[in-house]
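Have a look at run-v5.cif below; it lists mmCIF, C-alpha atoms, pLDDT in the B column; chains and numbers go by the auth columns.
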```
data_final
#
loop_
_atom_site.group_PDB
_atom_site.id
_atom_site.type_symbol
_atom_site.label_atom_id
_atom_site.label_comp_id
_atom_site.label_asym_id
_atom_site.label_seq_id
_atom_site.Cartn_x
_atom_site.Cartn_y
_atom_site.Cartn_z
_atom_site.B_iso_or_equiv
_atom_site.auth_seq_id
_atom_site.auth_asym_id
ATOM 1 C CA MET A 1 -12.516 56.122 -1.731 84.00 1 A
ATOM 2 C CA PRO A 2 -15.065 55.241 -4.401 87.00 2 A
ATOM 3 C CA LEU A 3 -16.684 51.818 -4.419 90.00 3 A
ATOM 4 C CA ARG A 4 -14.890 49.519 -6.879 94.00 4 A
ATOM 5 C CA VAL A 5 -17.208 47.573 -9.204 95.00 5 A
ATOM 6 C CA VAL A 6 -16.876 44.784 -11.780 95.00 6 A
ATOM 7 C CA ILE A 7 -19.654 44.401 -14.355 95.00 7 A
ATOM 8 C CA ALA A 8 -20.480 41.086 -16.029 94.00 8 A
ATOM 9 C CA GLU A 9 -23.238 41.583 -18.610 92.00 9 A
ATOM 10 C CA ASP A 10 -23.321 39.946 -22.042 90.00 10 A
ATOM 11 C CA GLU A 11 -25.360 42.725 -23.706 90.00 11 A
ATOM 12 C CA ALA A 12 -22.817 45.416 -24.647 92.00 12 A
ATOM 13 C CA ILE A 13 -25.362 48.264 -24.653 92.00 13 A
ATOM 14 C CA ILE A 14 -26.560 47.442 -21.139 90.00 14 A
ATOM 15 C CA ARG A 15 -22.957 47.017 -19.952 92.00 15 A
ATOM 16 C CA MET A 16 -21.984 50.412 -21.390 94.00 16 A
ATOM 17 C CA ASP A 17 -25.066 52.107 -19.909 91.00 17 A
ATOM 18 C CA LEU A 18 -24.374 50.497 -16.547 92.00 18 A
ATOM 19 C CA ARG A 19 -20.729 51.636 -16.609 94.00 19 A
ATOM 20 C CA GLU A 20 -21.713 55.218 -17.470 94.00 20 A
ATOM 21 C CA THR A 21 -24.382 55.319 -14.758 93.00 21 A
ATOM 22 C CA LEU A 22 -21.993 53.951 -12.152 94.00 22 A
ATOM 23 C CA GLN A 23 -19.245 56.396 -13.113 95.00 23 A
ATOM 24 C CA GLU A 24 -21.691 59.336 -13.026 93.00 24 A
ATOM 25 C CA GLU A 25 -22.605 58.283 -9.480 91.00 25 A
ATOM 26 C CA GLY A 26 -18.958 58.218 -8.406 92.00 26 A
ATOM 27 C CA TYR A 27 -18.312 54.478 -8.533 94.00 27 A
ATOM 28 C CA ASP A 28 -15.039 53.146 -9.953 95.00 28 A
ATOM 29 C CA VAL A 29 -15.652 50.479 -12.636 96.00 29 A
ATOM 30 C CA VAL A 30 -12.454 48.423 -12.419 97.00 30 A
ATOM 31 C CA GLY A 31 -13.391 45.708 -14.894 95.00 31 A
ATOM 32 C CA GLU A 32 -16.085 44.441 -17.203 94.00 32 A
ATOM 33 C CA THR A 33 -16.815 41.339 -19.220 94.00 33 A
ATOM 34 C CA GLY A 34 -19.584 39.845 -21.291 90.00 34 A
ATOM 35 C CA ARG A 35 -18.776 36.266 -20.302 89.00 35 A
ATOM 36 C CA GLY A 36 -19.636 34.321 -17.190 87.00 36 A
ATOM 37 C CA ASP A 37 -16.588 32.091 -17.489 89.00 37 A
ATOM 38 C CA THR A 38 -14.138 34.992 -17.131 93.00 38 A
ATOM 39 C CA VAL A 39 -15.779 37.083 -14.427 93.00 39 A
ATOM 40 C CA VAL A 40 -14.410 35.152 -11.424 93.00 40 A
ATOM 41 C CA ASP A 41 -10.828 35.583 -12.635 94.00 41 A
ATOM 42 C CA LEU A 42 -11.550 39.253 -13.330 95.00 42 A
ATOM 43 C CA VAL A 43 -12.859 39.666 -9.766 95.00 43 A
ATOM 44 C CA ARG A 44 -9.793 37.912 -8.332 96.00 44 A
ATOM 45 C CA GLU A 45 -7.489 40.190 -10.363 96.00 45 A
ATOM 46 C CA THR A 46 -9.201 43.533 -9.752 96.00 46 A
ATOM 47 C CA LYS A 47 -10.407 42.929 -6.155 95.00 47 A
ATOM 48 C CA PRO A 48 -13.609 44.994 -6.430 95.00 48 A
ATOM 49 C CA ASP A 49 -16.014 45.736 -3.598 93.00 49 A
ATOM 50 C CA LEU A 50 -18.983 44.615 -5.715 93.00 50 A
ATOM 51 C CA ALA A 51 -19.637 42.420 -8.749 94.00 51 A
ATOM 52 C CA ILE A 52 -22.768 43.123 -10.778 94.00 52 A
ATOM 53 C CA LEU A 53 -23.597 39.884 -12.582 93.00 53 A
ATOM 54 C CA ASP A 54 -26.166 39.091 -15.237 91.00 54 A
ATOM 55 C CA ILE A 55 -27.672 35.662 -14.641 88.00 55 A
ATOM 56 C CA LYS A 56 -27.636 34.541 -18.296 85.00 56 A
ATOM 57 C CA MET A 57 -24.202 34.850 -19.935 88.00 57 A
ATOM 58 C CA PRO A 58 -22.138 32.752 -22.334 86.00 58 A
ATOM 59 C CA GLY A 59 -19.526 30.398 -20.891 85.00 59 A
ATOM 60 C CA ALA A 60 -21.033 30.121 -17.425 83.00 60 A
ATOM 61 C CA ASP A 61 -24.054 31.735 -15.896 84.00 61 A
ATOM 62 C CA GLY A 62 -23.936 34.458 -13.291 88.00 62 A
ATOM 63 C CA LEU A 63 -25.292 32.101 -10.641 87.00 63 A
ATOM 64 C CA GLU A 64 -22.257 29.839 -10.969 88.00 64 A
ATOM 65 C CA ALA A 65 -19.937 32.855 -10.791 90.00 65 A
ATOM 66 C CA ALA A 66 -21.845 34.213 -7.773 90.00 66 A
ATOM 67 C CA ARG A 67 -21.427 30.890 -5.928 89.00 67 A
ATOM 68 C CA THR A 68 -17.658 30.987 -6.429 91.00 68 A
ATOM 69 C CA ILE A 69 -17.316 34.680 -5.560 90.00 69 A
ATOM 70 C CA ASN A 70 -19.438 34.156 -2.456 86.00 70 A
ATOM 71 C CA SER A 71 -17.666 30.980 -1.296 85.00 71 A
ATOM 72 C CA GLU A 72 -14.286 32.736 -1.558 88.00 72 A
ATOM 73 C CA ARG A 73 -15.692 35.934 0.040 85.00 73 A
ATOM 74 C CA LEU A 74 -14.207 37.979 -2.802 89.00 74 A
ATOM 75 C CA CYS A 75 -16.794 40.777 -2.885 92.00 75 A
ATOM 76 C CA GLY A 76 -20.490 41.557 -2.685 90.00 76 A
ATOM 77 C CA VAL A 77 -22.734 40.344 -5.507 91.00 77 A
ATOM 78 C CA LEU A 78 -25.688 42.093 -7.119 90.00 78 A
ATOM 79 C CA MET A 79 -27.571 39.990 -9.686 89.00 79 A
ATOM 80 C CA LEU A 80 -29.156 41.388 -12.851 87.00 80 A
ATOM 81 C CA THR A 81 -31.756 39.522 -14.831 83.00 81 A
ATOM 82 C CA ALA A 82 -34.546 40.011 -17.311 79.00 82 A
ATOM 83 C CA PHE A 83 -36.528 37.373 -15.401 72.00 83 A
ATOM 84 C CA SER A 84 -38.291 37.933 -12.116 70.00 84 A
ATOM 85 C CA GLN A 85 -39.771 34.472 -11.487 71.00 85 A
ATOM 86 C CA ARG A 86 -39.638 33.438 -7.859 76.00 86 A
ATOM 87 C CA GLU A 87 -37.415 30.391 -8.520 78.00 87 A
ATOM 88 C CA ILE A 88 -34.776 32.545 -10.259 76.00 88 A
ATOM 89 C CA VAL A 89 -34.789 35.031 -7.389 73.00 89 A
ATOM 90 C CA GLU A 90 -34.395 32.124 -4.932 77.00 90 A
ATOM 91 C CA GLU A 91 -31.548 30.636 -6.980 78.00 91 A
ATOM 92 C CA ALA A 92 -29.784 34.016 -6.987 75.00 92 A
ATOM 93 C CA ARG A 93 -30.230 34.318 -3.224 74.00 93 A
ATOM 94 C CA ASP A 94 -28.912 30.782 -2.684 76.00 94 A
ATOM 95 C CA ALA A 95 -25.901 31.545 -4.910 76.00 95 A
ATOM 96 C CA GLY A 96 -24.963 34.412 -2.612 72.00 96 A
ATOM 97 C CA ALA A 97 -26.550 37.414 -4.301 80.00 97 A
ATOM 98 C CA LEU A 98 -27.051 40.166 -1.755 77.00 98 A
ATOM 99 C CA ALA A 99 -29.396 42.177 -3.966 79.00 99 A
ATOM 100 C CA PHE A 100 -31.369 41.532 -7.143 80.00 100 A
ATOM 101 C CA LEU A 101 -32.339 43.874 -9.956 83.00 101 A
ATOM 102 C CA VAL A 102 -34.726 43.159 -12.832 80.00 102 A
ATOM 103 C CA LYS A 103 -33.940 44.638 -16.271 82.00 103 A
ATOM 104 C CA PRO A 104 -34.806 47.158 -17.504 80.00 104 A
ATOM 105 C CA PHE A 105 -33.931 49.130 -14.396 81.00 105 A
ATOM 106 C CA GLN A 106 -33.672 52.814 -13.568 82.00 106 A
ATOM 107 C CA LYS A 107 -30.777 54.602 -11.914 81.00 107 A
ATOM 108 C CA SER A 108 -33.148 55.191 -9.012 84.00 108 A
ATOM 109 C CA ASP A 109 -33.351 51.372 -8.593 85.00 109 A
ATOM 110 C CA LEU A 110 -29.663 50.634 -9.173 85.00 110 A
ATOM 111 C CA ILE A 111 -28.045 52.831 -6.528 85.00 111 A
ATOM 112 C CA PRO A 112 -30.210 51.603 -3.604 84.00 112 A
ATOM 113 C CA ALA A 113 -29.651 47.979 -4.734 86.00 113 A
ATOM 114 C CA ILE A 114 -25.874 48.576 -4.710 85.00 114 A
ATOM 115 C CA GLU A 115 -26.018 50.130 -1.253 83.00 115 A
ATOM 116 C CA VAL A 116 -28.133 47.242 0.092 82.00 116 A
ATOM 117 C CA ALA A 117 -25.726 44.676 -1.396 82.00 117 A
ATOM 118 C CA MET A 118 -22.695 46.434 0.069 82.00 118 A
ATOM 119 C CA GLY A 119 -24.312 46.830 3.478 79.00 119 A
ATOM 120 C CA ARG A 120 -25.134 43.131 3.573 80.00 120 A
ATOM 121 C CA PHE A 121 -21.651 42.190 2.380 77.00 121 A
ATOM 122 C CA ARG A 122 -20.025 44.245 5.145 78.00 122 A
ATOM 123 C CA GLU A 123 -22.290 42.587 7.724 77.00 123 A
ATOM 124 C CA LEU A 124 -21.470 39.115 6.399 74.00 124 A
ATOM 125 C CA ARG A 125 -17.745 39.856 6.363 75.00 125 A
ATOM 126 C CA ALA A 126 -17.909 41.060 9.976 74.00 126 A
ATOM 127 C CA LEU A 127 -19.845 37.952 11.013 75.00 127 A
ATOM 128 C CA ALA A 128 -17.372 35.700 9.213 72.00 128 A
ATOM 129 C CA GLY A 129 -14.540 37.462 11.046 70.00 129 A
ATOM 130 C CA ASP A 130 -16.338 36.882 14.355 69.00 130 A
ATOM 131 C CA VAL A 131 -16.783 33.189 13.529 70.00 131 A
ATOM 132 C CA ASP A 132 -13.099 32.870 12.605 74.00 132 A
ATOM 133 C CA THR A 133 -12.069 34.573 15.850 75.00 133 A
ATOM 134 C CA LEU A 134 -14.326 32.324 17.912 79.00 134 A
ATOM 135 C CA GLY A 135 -12.938 29.274 16.107 79.00 135 A
ATOM 136 C CA GLU A 136 -9.376 30.362 16.893 86.00 136 A
ATOM 137 C CA GLN A 137 -10.295 30.971 20.526 85.00 137 A
ATOM 138 C CA LEU A 138 -11.906 27.533 20.790 87.00 138 A
ATOM 139 C CA GLU A 139 -8.862 25.869 19.215 89.00 139 A
ATOM 140 C CA SER A 140 -6.529 27.741 21.603 88.00 140 A
ATOM 141 C CA ARG A 141 -8.679 26.685 24.545 90.00 141 A
ATOM 142 C CA LYS A 142 -8.411 23.027 23.449 92.00 142 A
ATOM 143 C CA VAL A 143 -4.603 23.228 23.127 92.00 143 A
ATOM 144 C CA ILE A 144 -4.291 24.886 26.553 92.00 144 A
ATOM 145 C CA ASP A 145 -6.551 22.219 28.092 92.00 145 A
ATOM 146 C CA ARG A 146 -4.418 19.432 26.565 94.00 146 A
ATOM 147 C CA ALA A 147 -1.263 21.078 27.914 95.00 147 A
ATOM 148 C CA LYS A 148 -2.843 21.406 31.364 94.00 148 A
ATOM 149 C CA GLY A 149 -3.835 17.732 31.242 93.00 149 A
ATOM 150 C CA LEU A 150 -0.317 16.706 30.273 94.00 150 A
ATOM 151 C CA LEU A 151 1.201 18.702 33.176 94.00 151 A
ATOM 152 C CA MET A 152 -1.359 17.220 35.549 93.00 152 A
ATOM 153 C CA ASP A 153 -0.591 13.644 34.400 94.00 153 A
ATOM 154 C CA GLU A 154 3.208 13.932 34.157 93.00 154 A
ATOM 155 C CA LEU A 155 3.937 16.147 37.135 92.00 155 A
ATOM 156 C CA SER A 156 0.917 15.501 39.371 92.00 156 A
ATOM 157 C CA LEU A 157 -0.002 19.180 39.318 92.00 157 A
ATOM 158 C CA SER A 158 -3.516 20.282 40.148 92.00 158 A
ATOM 159 C CA GLU A 159 -5.523 21.880 37.357 91.00 159 A
ATOM 160 C CA THR A 160 -5.086 25.269 39.049 92.00 160 A
ATOM 161 C CA GLU A 161 -1.290 24.823 39.280 91.00 161 A
ATOM 162 C CA ALA A 162 -1.033 23.687 35.652 93.00 162 A
ATOM 163 C CA PHE A 163 -3.086 26.654 34.458 92.00 163 A
ATOM 164 C CA ALA A 164 -1.123 29.072 36.655 91.00 164 A
ATOM 165 C CA PHE A 165 2.158 27.789 35.167 94.00 165 A
ATOM 166 C CA ILE A 166 0.903 28.332 31.611 94.00 166 A
ATOM 167 C CA GLN A 167 -0.489 31.763 32.451 93.00 167 A
ATOM 168 C CA LYS A 168 2.601 32.995 34.353 93.00 168 A
ATOM 169 C CA THR A 169 4.964 31.718 31.650 94.00 169 A
ATOM 170 C CA ALA A 170 2.961 33.495 28.961 93.00 170 A
ATOM 171 C CA MET A 171 2.976 36.747 30.950 92.00 171 A
ATOM 172 C CA SER A 172 6.686 36.612 31.781 92.00 172 A
ATOM 173 C CA GLU A 173 7.638 35.803 28.175 93.00 173 A
ATOM 174 C CA ARG A 174 5.081 38.256 26.777 93.00 174 A
ATOM 175 C CA THR A 175 3.577 35.597 24.547 93.00 175 A
ATOM 176 C CA ARG A 176 0.222 33.902 24.134 92.00 176 A
ATOM 177 C CA MET A 177 -0.914 31.105 26.407 92.00 177 A
ATOM 178 C CA ARG A 178 -1.477 29.069 23.232 93.00 178 A
ATOM 179 C CA ASP A 179 2.243 29.347 22.357 94.00 179 A
ATOM 180 C CA VAL A 180 3.253 28.194 25.851 94.00 180 A
ATOM 181 C CA ALA A 181 0.796 25.286 25.611 95.00 181 A
ATOM 182 C CA ASP A 182 2.257 24.285 22.232 94.00 182 A
ATOM 183 C CA ARG A 183 5.746 24.155 23.788 95.00 183 A
ATOM 184 C CA ILE A 184 4.462 22.021 26.671 95.00 184 A
ATOM 185 C CA LEU A 185 2.825 19.624 24.224 95.00 185 A
ATOM 186 C CA ASP A 186 5.956 19.314 22.051 95.00 186 A
ATOM 187 C CA GLY A 187 8.045 18.586 25.169 91.00 187 A
ATOM 188 C CA SER A 188 10.246 21.668 24.990 94.00 188 A
ATOM 189 C CA LEU A 189 8.861 23.319 28.148 92.00 189 A
ATOM 190 C CA ARG A 190 8.266 22.024 31.661 91.00 190 A
ATOM 191 C CA PRO A 191 8.110 23.761 35.047 89.00 191 A
ATOM 192 C CA GLU A 192 11.441 23.842 36.824 84.00 192 A
ATOM 193 C CA SER A 193 11.614 21.632 39.904 68.00 193 A
ATOM 194 C CA ASP A 194 11.895 23.458 43.193 55.00 194 A
#
```
Could you spell out this file's structure in structure tokens?
Amino acid sequence: MPLRVVIAEDEAIIRMDLRETLQEEGYDVVGETGRGDTVVDLVRETKPDLAILDIKMPGADGLEAARTINSERLCGVLMLTAFSQREIVEEARDAGALAFLVKPFQKSDLIPAIEVAMGRFRELRALAGDVDTLGEQLESRKVIDRAKGLLMDELSLSETEAFAFIQKTAMSERTRMRDVADRILDGSLRPESD
């Protein structure tokens, strides 16, 4: 499947040249705009893999768009600019740009920059997924610990007995320990008295 790209560049000639170059290289240009204030909506609509954004555009600059795209994890961002001053490069990096290209650029510069941006985006997405998973695991652990504590307080069970009840119930019902703990906490589940 070809990489899907959105282009946001206010200079029509550069935008057209960029589109042609990308298409020649097998990329799928799914949207383009010359305005910074429309690019985020365009990215949300077309769901590209990469947005190539000029920094200076009418409506809103590419840095503002990059911040939004990055905060919502919509796609990778490659920044284009005619300026190479250190502070602009740092601003682009801080806005979430994964690669940076100074105009005028050659095809031999563009393709590696795209590949670097996409590689970084995939790494960041994987890391974000790991963080989300760890957060869910931590939250589940907290709920299970509260349920254990409740069983220990109400029924004078040891911590081992409370945990064993949660674990055995989850296995016998083929559900998650978190779901069993939720039912204990809402009062709908208690061990049966012997």
All residues 8 Å or closer to Val30 of chain A, all atoms listed in the file, same chain fewer than 5 positions away omitted, as a PyMOL selection string: chain A and resi 4-6+46+48
Residues near segment 108-113 of chain A, cut-off 12 Å, all atoms listed in the file, skip fewer than 3 positions along chain, as a PyMOL selection string: chain A and resi 3+17-19+21-27+50+52+76-80+97-105+116-120
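If you look at atom CA of Gly62 of chain A and atom CA of Glu9 of chain A, they are 8.9 Å away from each other.
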Please expand the PyMOL selection byres ((chain A and resi 66) around 7) into the concrete residues it hits in this file, giving the result as a PDB file with C-alpha atoms, keeping the file's coordinate frame.
```pdb
ATOM      1  CA  GLY A  62     -23.936  34.458 -13.291  1.00 88.00           C
ATOM      2  CA  LEU A  63     -25.292  32.101 -10.641  1.00 87.00           C
ATOM      3  CA  GLU A  64     -22.257  29.839 -10.969  1.00 88.00           C
ATOM      4  CA  ALA A  65     -19.937  32.855 -10.791  1.00 90.00           C
ATOM      5  CA  ARG A  67     -21.427  30.890  -5.928  1.00 89.00           C
ATOM      6  CA  THR A  68     -17.658  30.987  -6.429  1.00 91.00           C
ATOM      7  CA  ILE A  69     -17.316  34.680  -5.560  1.00 90.00           C
ATOM      8  CA  ASN A  70     -19.438  34.156  -2.456  1.00 86.00           C
ATOM      9  CA  VAL A  77     -22.734  40.344  -5.507  1.00 91.00           C
ATOM     10  CA  ALA A  95     -25.901  31.545  -4.910  1.00 76.00           C
ATOM     11  CA  GLY A  96     -24.963  34.412  -2.612  1.00 72.00           C
ATOM     12  CA  ALA A  97     -26.550  37.414  -4.301  1.00 80.00           C
TER      13      ALA A  97
END
```
May I have the residues within 9 Å of segment 132-143 of chain A as a PyMOL selection string, using all atoms listed in the file and disregarding those fewer than 2 positions away in the same chain? chain A and resi 127-130+145-148+177-179+181-182+185
Two-atom distance - atom CA of Asp153 of chain A, atom CA of Ile184 of chain A (Å):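 Spanning atom CA of Asp153 of chain A to atom CA of Ile184 of chain A is a straight-line distance of 12.5 Å.
Pairwise distance (atom CA of Ile88 of chain A, atom CA of Lys56 of chain A) equals 10.9 Å.
Around Pro58 of chain A, within 12 Å and counting only C-alpha atoms, the residues found are Ala8, Glu9, Asp10, Glu11, Thr33, Gly34, Arg35, Gly36, Asp37, Thr38, Val39, Asp54, Ile55, Lys56, Ala60, Asp61, Gly62, Glu64 and Ala65 of chain A, once anything fewer than 2 positions away on its own chain is removed.
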Could you work out an axis-aligned box for segment 13-16 of chain A, taking every atom the file lists and adding 4 Å on each side, and report centre and edge lengths in Å to one decimal, as JSON?
```
{"center_x": -24.3, "center_y": 48.7, "center_z": -22.3, "size_x": 12.6, "size_y": 11.4, "size_z": 12.7}
```
So, counting only C-alpha atoms, which residue among A:Glu123, A:Lys168, A:Gly187, A:Asp94 is closest to Glu154 of chain A?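 Closest candidate: A:Gly187.
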